[in-house]
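Okay, structure first, notes after.
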Amino acid sequence: MFPKNTWYVACTGNEIDDKPLGRKICGENLVLYRAAEGKATALEDFCPHRGAPLSLGRVVEGKLVCGYHGLEMGCDGKTVAMPGQRVRGFPAIRSFPVIERYGFVWVWPGDPALADPAKLHHLEWAESPDWAYGGGLFHIQCDYRLMIDNLMDLTHETYVHSTSIGQKEIDETPTTTKTEGDQVTTSRFMENISAPPFWRMALRGNHLADDVPVDRWQICRFTPPSHVLIEVGVAHAGKGGYHADPAHKVSSIVVDFITPETETSHWYFWGMARNFQPHDKALTASIREGQGKIFSEDLEMLESQQRNLLAHPTRSLLKLNIDSGGVQSRRVLERLIAQENQAPATAAGAA
């Protein structure tokens, strides 16, 4: 139910600075750590000696040492040494392709022979000093596709986030959805409205009046395997809206990297990249705190939704025009999964 021959965010770089990290991704139990020269590495979280999780061990001089009997593993999955034992003939455990970029560690859980660094999602804002980023991580007990649905239909903001970013104009303004290749885009533009509390805070953070009418936009972009980047912002009304001069607006990108864990759980890497007042660390912290509260409201709703769906597996769900972004995103995923399942395994993948 999820593509495997693709790049997923496995963790942030600082999560593996001090010790190994165990994390399940697309049903695969991985251990992530820094090998020689700080290289981010991912192996199967399974010691070939007695099956203990390698994530319970430690890293010594770039080698992963099992916390049970001291077996040392190399970053290629081959055994290196063990006190008083000969272990170099042990069969290798699985290693996973890894790229560390943009502050994240990305892993390819599928066929390593197909891993292509060029297929990594490009994040232009992450390489620019004109942008600031702050975010966090939630472990959510629900199907990762429910989170994609949630992010591609922001109508729920009026109800789930009524005290922060929700407002009635979201319900009242229609959306436009289009699919181009593997990307699905849903857009909503609201004109001459009042800014909700979160955006009033952002306007003040950019030294703009927060008590005047604004134009607001939401442009949700889904790209496989499960990334949703949302352009959001407000501009003083009549100044050009989305295309307004930066002197009259606050805009940002809501960053959502959704990494499946199991069929009913996922890792949710959330954040906001902004291109106004990028050096204001207090503003970054304030936005991050506000976002964290907003996303925690989503977490409660999504986990409750998942429990309901598991309790009623045969119930059919209604589809409305506001669901078009999520529906089309699922169609892209279904097509890619079908292609992956039909493709013959490479020799390396079969091994």
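The chains in the structure tokens are called A, B, ... from first to last as shown; in each chain the residues are counted from 1, and the ligands are counted from 1 in the order shown.
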Self-check item: Distance query Leu21 in chain A at most 7 Å, only C-alpha atoms, self and fewer than 4 positions along chain excluded, as a PyMOL selection string
Solution: chain A and resi 16+31-33+55
Quiz item: For Met1 in chain A, which of A:Trp131, A:Phe257, A:Tyr268, A:Tyr144 is the closest residue, counting only C-alpha atoms?
Solution: A:Tyr144
As a PDB file with C-alpha atoms, in the first residue's frame, please: the residues near Asp171 in chain A (cut-off 10 Å, only C-alpha atoms, same-chain neighbours under 5 positions excluded).
ATOM      1  CA  LEU A 154      -7.849  22.318   3.978  1.00  0.00           C
ATOM      2  CA  THR A 155     -11.593  22.797   4.478  1.00  0.00           C
ATOM      3  CA  HIS A 156     -11.141  21.087   7.838  1.00  0.00           C
ATOM      4  CA  GLU A 157      -9.228  24.139   9.125  1.00  0.00           C
ATOM      5  CA  THR A 158     -12.532  25.930   9.788  1.00  0.00           C
ATOM      6  CA  TYR A 159     -13.485  23.224  12.293  1.00  0.00           C
ATOM      7  CA  GLY A 166      -9.569  28.423  10.467  1.00  0.00           C
ATOM      8  CA  ILE A 322     -13.565  19.168  -1.684  1.00  0.00           C
TER       9      ILE A 322
END
Exercise. If you run DSSP over the backbone, which residues in range 146-336 of chain A end up strand (DSSP E or B)? Put them as a PyMOL selection string.
Key: chain A and resi 176-180+183-193+214-223+227-236+249-262+265-274
Practice problem: Would you mind telling me which residue in A:Trp106, A:Phe2, A:Tyr242, A:Tyr133 lies nearest to His266 in chain A when using only C-alpha atoms? | Solution: A:Phe2
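Of the residues listed (A:Leu317, A:Ala35, A:Leu310, A:Ala273), A:Ala273 shows the shortest atom-to-atom separation from Glu124 in chain A; distances use only C-alpha atoms.
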Exercise. Quick one: everything within 8 Å of Ala235 in chain A, counting only C-alpha atoms, minus sequence neighbours fewer than 5 positions away in the same chain. Send it as a PyMOL selection string.
Key: chain A and resi 214-216+240-242+244+248-250
Would you output that residue set with all heavy atoms, as a CSV table (one decimal), in the first residue's frame?
chain,number,residue,atom,x,y,z
A,214,VAL,N,-7.3,41.3,4.3
A,214,VAL,CA,-6.2,40.7,3.6
A,214,VAL,C,-6.7,39.8,2.5
A,214,VAL,O,-7.9,39.4,2.5
A,214,VAL,CB,-5.3,39.8,4.5
A,214,VAL,CG1,-4.7,40.6,5.6
A,214,VAL,CG2,-6.1,38.7,5.1
A,215,ASP,N,-5.9,39.4,1.5
A,215,ASP,CA,-6.1,38.4,0.6
A,215,ASP,C,-5.3,37.2,1.0
A,215,ASP,O,-4.1,37.3,1.4
A,215,ASP,CB,-5.7,38.8,-0.8
A,215,ASP,CG,-6.5,40.0,-1.3
A,215,ASP,OD1,-7.6,40.1,-0.9
A,215,ASP,OD2,-5.9,40.8,-2.2
A,216,ARG,N,-5.9,36.0,1.0
A,216,ARG,CA,-5.2,34.8,1.5
A,216,ARG,C,-5.2,33.7,0.5
A,216,ARG,O,-6.1,33.6,-0.3
A,216,ARG,CB,-6.0,34.3,2.8
A,216,ARG,CG,-5.4,33.1,3.4
A,216,ARG,CD,-6.2,32.6,4.7
A,216,ARG,NE,-5.6,31.5,5.3
A,216,ARG,CZ,-6.1,30.8,6.3
A,216,ARG,NH1,-7.3,31.2,6.8
A,216,ARG,NH2,-5.5,29.7,6.8
A,240,GLY,N,-2.3,42.8,-4.6
A,240,GLY,CA,-1.9,41.8,-5.5
A,240,GLY,C,-2.0,40.4,-5.1
A,240,GLY,O,-1.6,39.5,-5.8
A,241,GLY,N,-2.4,40.2,-3.8
A,241,GLY,CA,-2.6,38.9,-3.3
A,241,GLY,C,-1.4,38.0,-3.4
A,241,GLY,O,-0.3,38.4,-2.9
A,242,TYR,N,-1.5,36.8,-3.9
A,242,TYR,CA,-0.3,35.9,-4.0
A,242,TYR,C,0.9,36.6,-4.7
A,242,TYR,O,2.0,36.3,-4.4
A,242,TYR,CB,-0.8,34.7,-4.8
A,242,TYR,CG,0.3,33.7,-5.1
A,242,TYR,CD1,0.8,32.8,-4.1
A,242,TYR,CD2,0.8,33.5,-6.4
A,242,TYR,CE1,1.8,31.9,-4.4
A,242,TYR,CE2,1.8,32.6,-6.7
A,242,TYR,CZ,2.3,31.8,-5.7
A,242,TYR,OH,3.3,30.9,-6.0
A,244,ALA,N,1.6,39.8,-4.6
A,244,ALA,CA,1.9,41.1,-4.0
A,244,ALA,C,3.4,41.2,-3.8
A,244,ALA,O,4.2,40.2,-3.6
A,244,ALA,CB,1.2,41.2,-2.7
A,248,HIS,N,4.3,43.9,1.3
A,248,HIS,CA,2.9,43.9,1.7
A,248,HIS,C,2.3,42.5,2.1
A,248,HIS,O,1.1,42.4,2.2
A,248,HIS,CB,2.0,44.5,0.5
A,248,HIS,CG,2.5,45.8,0.0
A,248,HIS,ND1,2.4,46.9,0.8
A,248,HIS,CD2,3.0,46.2,-1.2
A,248,HIS,CE1,2.8,48.0,0.2
A,248,HIS,NE2,3.2,47.6,-1.1
A,249,LYS,N,3.2,41.5,2.3
A,249,LYS,CA,2.6,40.2,2.5
A,249,LYS,C,3.6,39.4,3.4
A,249,LYS,O,4.7,39.7,3.7
A,249,LYS,CB,2.4,39.5,1.2
A,249,LYS,CG,3.7,39.0,0.5
A,249,LYS,CD,3.4,38.3,-0.8
A,249,LYS,CE,4.6,37.9,-1.5
A,249,LYS,NZ,4.3,37.2,-2.8
A,250,VAL,N,3.0,38.3,3.9
A,250,VAL,CA,3.8,37.2,4.6
A,250,VAL,C,3.4,35.9,3.9
A,250,VAL,O,2.2,35.6,3.7
A,250,VAL,CB,3.5,37.2,6.1
A,250,VAL,CG1,4.2,38.3,6.8
A,250,VAL,CG2,2.0,37.2,6.4
Practice problem: May I ask which of the residues A:Val80, A:Ile148, A:Cys142, A:Leu30 is the closest one to Pro97 in chain A, counting only C-alpha atoms? | Solution: A:Leu30
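CA of Lys4 in chain A lies 16.5 Å from CA of Arg331 in chain A.
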Practice problem: Write down as an NGL selection string the residues of range 140-340 of chain A whose backbone DSSP state falls under alpha helix (DSSP H). | Solution: :A and (144-152 or 157-160 or 168-172 or 197-205 or 281-311 or 324-340)
Practice problem: Quick one: pull the distance between CA of Gly238 in chain A and CA of Leu208 in chain A, Å, one decimal. | Solution: 14.7 Å
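Closest to Ser329 in chain A among A:Val212, A:Leu302, A:Met152, A:Val87 is A:Met152, based on only C-alpha atoms.
Of the residues under consideration (A:Met201, A:Asn321, A:Glu300, A:His49), A:Asn321 shows the shortest atom-to-atom contact distance to Pro174 in chain A when counting only C-alpha atoms.
The interatomic distance for the pair CA of Val98 in chain A and CA of Gly134 in chain A works out to 22.9 Å.
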Where does range 309-351 of chain A meet range 181-195 of chain A within 7 Å, residue by residue, with the nearest atom pair and distance in Å to one decimal for each, counting only C-alpha atoms, listed by chain and rising number, as a tab-separated table?
residue	atom	partner	partner_atom	distance
A:Gly325	CA	A:Thr186	CA	5.8
A:Gln328	CA	A:Val184	CA	6.8
A:Ser329	CA	A:Val184	CA	6.1
A:Val332	CA	A:Asp182	CA	6.1
Practice problem: Mind checking which residues fall within 7 Å of Thr12 in chain A, counting only C-alpha atoms, ignoring those fewer than 4 positions away in the same chain, and posting them as a PyMOL selection string? | Solution: chain A and resi 103-105
